[in-house]
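As structure tokens, the structure follows; a few thoughts come after it.
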Amino acid sequence: STPTSAGIVPWPADLATQYRELGYWTDDLMVDALRISALRDPHKIALVDGDVRLSYAQLFERADALAVNLRKLGLDVDDRVVVQLPNCWEFVVLTLACLRIGVIPVMALPAHRRHELEYLAEHSEAVAIIVPDVLRDFDHQELAEVIRDVVPSVKHLIILGSDIHEGNVDLGALCAEYSDDLSTLEGLQISPDDIAVFLLSGGTTGLPKLIPRSHNDYLYNLKVTAAAANLDAETVYLVALPAGHNFPLACPGFLGTFLVGGTVVMLRTPEPRKAFDAISREKVTHTAAVPAVVQQWIDFEVAENTGQLGSLKVLQVGGSRLVDELAARVTPVLGCELQQVFGMAEGLINTTLSGDPEEVIIGTQGRPVSPGDEVRVVDEDGNILPTGGRGVLHTQGPYTLRGYYRAEEHNKRAFSSDGWYITGDIVIIRPDGNIVVEGRDKDLINRAGEKISGEEVENLIYRHPGIEMVAAVAIPDAKLGERVCVYVTLREGVHTTLEELRDLMKEANVAAYKLPEVLVVTEKMPLTKVGKIDKKALREDLARRGPIAP
Ligand code: J2J
């Protein structure tokens with residue numbers, strides 16, 4: 001057992017046995033499975049990032065170099081490192097190097113700031129923070145230094161870029177200096193049940209929770225999602241969403257593409273002009289997008305008639321609900337197949353499949369990718385509903401977590417008494433097994449696929465002494481799906497503005513996507529019978545008010 005395993009809820013022994021017997025868990029380490037592709041065709045191009053093109057042999061050589069150098073720095077099996085990098089080849093090399101030496105990356109998102117990163121470093125007891133020097137005018141290195149000074153576990157700052165401060169380590173150099181002394185990589189005690197990566201939950205209570213993904217479960221996740229998207233060695237997969245997110249990372253994402261020996265293209269932004277250029281230049285066949293990006297791509301293609309997407313076979317869309325009207329335009333406008341993906345970093349992935357009737361591809365979010373996935377729909381009183389009933393989706397399976405990391409109290413609420421994950425998504429499972437996502441029963445705002453905890457926003461706004469009560473709710477938005485709206489009641493004589501509340505949150509150094517975009521000042525907050533703020537009533541109130549200009 002490792003220090004990390006103390007914070008992990010394992011699968012029950014009978015299920016674990018079953019998952020092995022059925023061949024879902026193969027007791028291989030992720031990196032060993034991925035390396036097989038490298039050995040099969042070492043000269044094949046594995047990774048493209050702008051002008052950088054790495055063959056499989058070169059990719060794994062770099063990953064070995066980085067692994068050796070991380071070991072030299074003192075990193076050991078089970079050490080956690082907070083990773084916040086843009087989509088670039090170094091991100092991929094780092095992920096493989098960590099997998100190789102059993103160092104667990106905590107996959108932060110690019111928009112995260114001190115509020116999130118400090119907590120992640122603290123909660124995971126990270127030994128290192130790995131960030132770019134400066135990105136989009138933000139000095140990540142400086143922030144990392146601030147965090148190192150307050151989080152005692154953090155010993156190393158590993159920086160991507162050219163302006164590396166003294167005492168910090170140059171990530172580029174660690175990847176480049178190839179050492180053929182691989183002895184430090186031998187004999188490491190890594191078990192396939194150990195945690196391979198920590199993903200972040202959308203988080204419905206305060207800060208994001210850490211999702212432990214084991215080698216066994218995540219490798220299986222790669223296999224089933226790669227099969228569902230028809231990936232093979234001919235696949236050219238474009239990473240345009242933030243690569244630390246479960247979807248472009250592993251569903252099947254870049255790791256799933258390596259597993260089948262395909263080629264991965266890294267792009268820093270899904271912005272249509274850049275994405276279309278990359279697709280046509282690299283003959284991309286598969287990519288993943290959120291609905292807000294799909295909307296931009298469709299608008300762009302309609303306006304510009306680029307004809308650049310000839311190679312694109314499959315567009316995976318997920319992260320938030322794709323409305324039917326937009327779904328129906330994907331194939332006619334972009335000329336590729338649509339695969340709806342209703343997934344979660346916690347595990348369960350549902351997809352439509354190539355060859356499904358059009359009605360299924362356009363109107364549903366598909367079905368579980370593994371025969372080992374179990375799903376049920378539960379009503380408000382906890383009764384399991386018959387097929388077709390509308391309620392909250394529960395799930396368990398060979399790649400769905402049994403508990404968040406070091407979150408005993410929260411786990412009591414997030415899992416049923418028999419250990420199933422309570423997704424908080426309100427769904428209908430049709431008789432044909434396909435799932436339609438109808439809404440949600442969780443305190444979360446889904447802004448273009450980025451998940452925002454209502455409670456987190458509220459806690460930050462409560463720092464304002466003039467605020468009596470605050471509630472953050474989703475306001476529907478044509479472009480982003482939803483935005484953050486806050487309702488507040490004020491103490492006597494107090495006045496506030498949206499700008500002031502946004503500034504308050506900016507001072508707390510939170511990710512910008514969490515800032516409220518609409519403010520409603522109200523006299524009285526609607527309350528439920530138990531005296532909590534009635535968010536359902538607030539959402540109805542928003543609907544009655546009609547469009548509010550942000
Ligand atoms: C409606 N809601 C959806 C969909 C996710 C693939 C795709 C997405 C994610 C992801 C992911 C939805 N329609 N098609 O990890 O590998 C909402 C649900 C769900 C939550 C999970 C992947 N696809 N959602 O979005 O962990 O509410 O994962 O529970 O970020 O997003 O969010 P997240």
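FYI, nothing fancy with the structure tokens labels: chains A, B, ... in order, residues from 1 per chain, ligands from 1 as they appear.
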Skipping near chain neighbours, those fewer than 5 positions away, what residues fall within 10 Å of region 410-416 of chain A using only C-alpha atoms, listed as a ChimeraX atom specification? /A:9,204-205,209,382,394-396,401-405,421-424
Just-selected residues, C-alpha atoms written as a PDB file, in the first residue's frame:
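File produced: again26.pdb:
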```pdb
ATOM      1  CA  VAL A   9     -11.980   3.735  -2.083  1.00  0.00           C
ATOM      2  CA  THR A 204     -20.763  20.425  -6.975  1.00  0.00           C
ATOM      3  CA  THR A 205     -19.544  21.418  -3.533  1.00  0.00           C
ATOM      4  CA  LYS A 209     -12.657  16.838  -6.108  1.00  0.00           C
ATOM      5  CA  GLY A 382     -34.674   6.493  -4.127  1.00  0.00           C
ATOM      6  CA  HIS A 394     -26.613   6.021 -11.030  1.00  0.00           C
ATOM      7  CA  THR A 395     -23.783   3.894 -12.350  1.00  0.00           C
ATOM      8  CA  GLN A 396     -21.073   1.451 -11.427  1.00  0.00           C
ATOM      9  CA  LEU A 401     -14.711   5.480  -9.401  1.00  0.00           C
ATOM     10  CA  ARG A 402     -15.929   4.253  -6.007  1.00  0.00           C
ATOM     11  CA  GLY A 403     -14.980   7.432  -4.169  1.00  0.00           C
ATOM     12  CA  TYR A 404     -13.214  10.766  -4.582  1.00  0.00           C
ATOM     13  CA  TYR A 405      -9.724  11.046  -3.159  1.00  0.00           C
ATOM     14  CA  TYR A 421     -21.826   6.800  -8.363  1.00  0.00           C
ATOM     15  CA  ILE A 422     -24.723   9.252  -8.283  1.00  0.00           C
ATOM     16  CA  THR A 423     -24.134  11.250 -11.467  1.00  0.00           C
ATOM     17  CA  GLY A 424     -26.654  13.991 -10.681  1.00  0.00           C
TER      18      GLY A 424
END
```
Residues within 8 Å of ligand 1, counting only C-alpha atoms and all ligand atoms, as an MDAnalysis selection string: chainID A and resid 200:202 245:252 290 317:322 340:347 349 365 423:425 436:440 446 449:451
Spatial neighbours of Val31 (chain A), 6 Å, only C-alpha atoms, chain gap at least 2 places, as a PDB file with C-alpha atoms, in the first residue's frame:
```pdb
ATOM      1  CA  LEU A  29       0.505  -0.819 -16.654  1.00  0.00           C
ATOM      2  CA  ALA A  33       0.297  -1.188 -23.226  1.00  0.00           C
ATOM      3  CA  LEU A  34       1.044   2.085 -25.023  1.00  0.00           C
ATOM      4  CA  ARG A  35       4.626   1.096 -25.710  1.00  0.00           C
ATOM      5  CA  LEU A  99       2.995   6.873 -16.170  1.00  0.00           C
ATOM      6  CA  ARG A 100       6.369   5.239 -16.652  1.00  0.00           C
TER       7      ARG A 100
END
```
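The shortest atom-to-atom distance to Ile8 (chain A), with only C-alpha atoms taken into account, belongs to A:Ile195 out of A:Met266, A:Val494, A:Val520, A:Ile195.
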Taking the chain letters and numbering used in this document, name the residues of region 124-228 of chain A that DSSP puts in alpha helix (DSSP H), as a ChimeraX atom specification. /A:124,140-150,171-176,215-228
What are the DSSP strand (DSSP E or B) residues of region 57-231 of chain A, as a PyMOL selection string? chain A and resi 80-83+104-107+128-132+134-135+138-139+156-160+169-170+195-200+210-214
Find the residues around region 352-364 of chain A up to 9 Å (only C-alpha atoms counted), leave out those fewer than 6 positions away in its own chain, and share them as a PyMOL selection string. chain A and resi 228-230+314+322-328+337-341+434-437
Go ahead and write the residues just picked, C-alpha atoms, as a compact mmCIF listing (two decimals), in the first residue's frame.
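So selection07.txt came out as:
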```
# COMPACT_ATOMS: atom_id res chain seq x y z
CA ALA A 228 -16.48 2.94 -29.90
CA ALA A 229 -14.96 5.70 -32.04
CA ASN A 230 -13.55 3.18 -34.58
CA VAL A 314 -15.77 11.50 -36.84
CA LEU A 322 -25.94 19.04 -27.81
CA VAL A 323 -29.31 20.35 -28.86
CA ASP A 324 -31.02 18.36 -31.61
CA GLU A 325 -31.06 21.27 -34.08
CA LEU A 326 -27.29 21.64 -33.89
CA ALA A 327 -26.75 17.87 -33.93
CA ALA A 328 -28.73 17.67 -37.16
CA GLU A 337 -20.11 11.60 -38.77
CA LEU A 338 -21.34 12.82 -35.40
CA GLN A 339 -20.64 10.77 -32.31
CA GLN A 340 -22.43 12.04 -29.24
CA VAL A 341 -20.47 11.42 -26.06
CA ASN A 434 -29.89 4.88 -25.50
CA ILE A 435 -29.79 7.62 -22.89
CA VAL A 436 -31.27 11.07 -23.25
CA VAL A 437 -29.91 13.70 -20.87
```
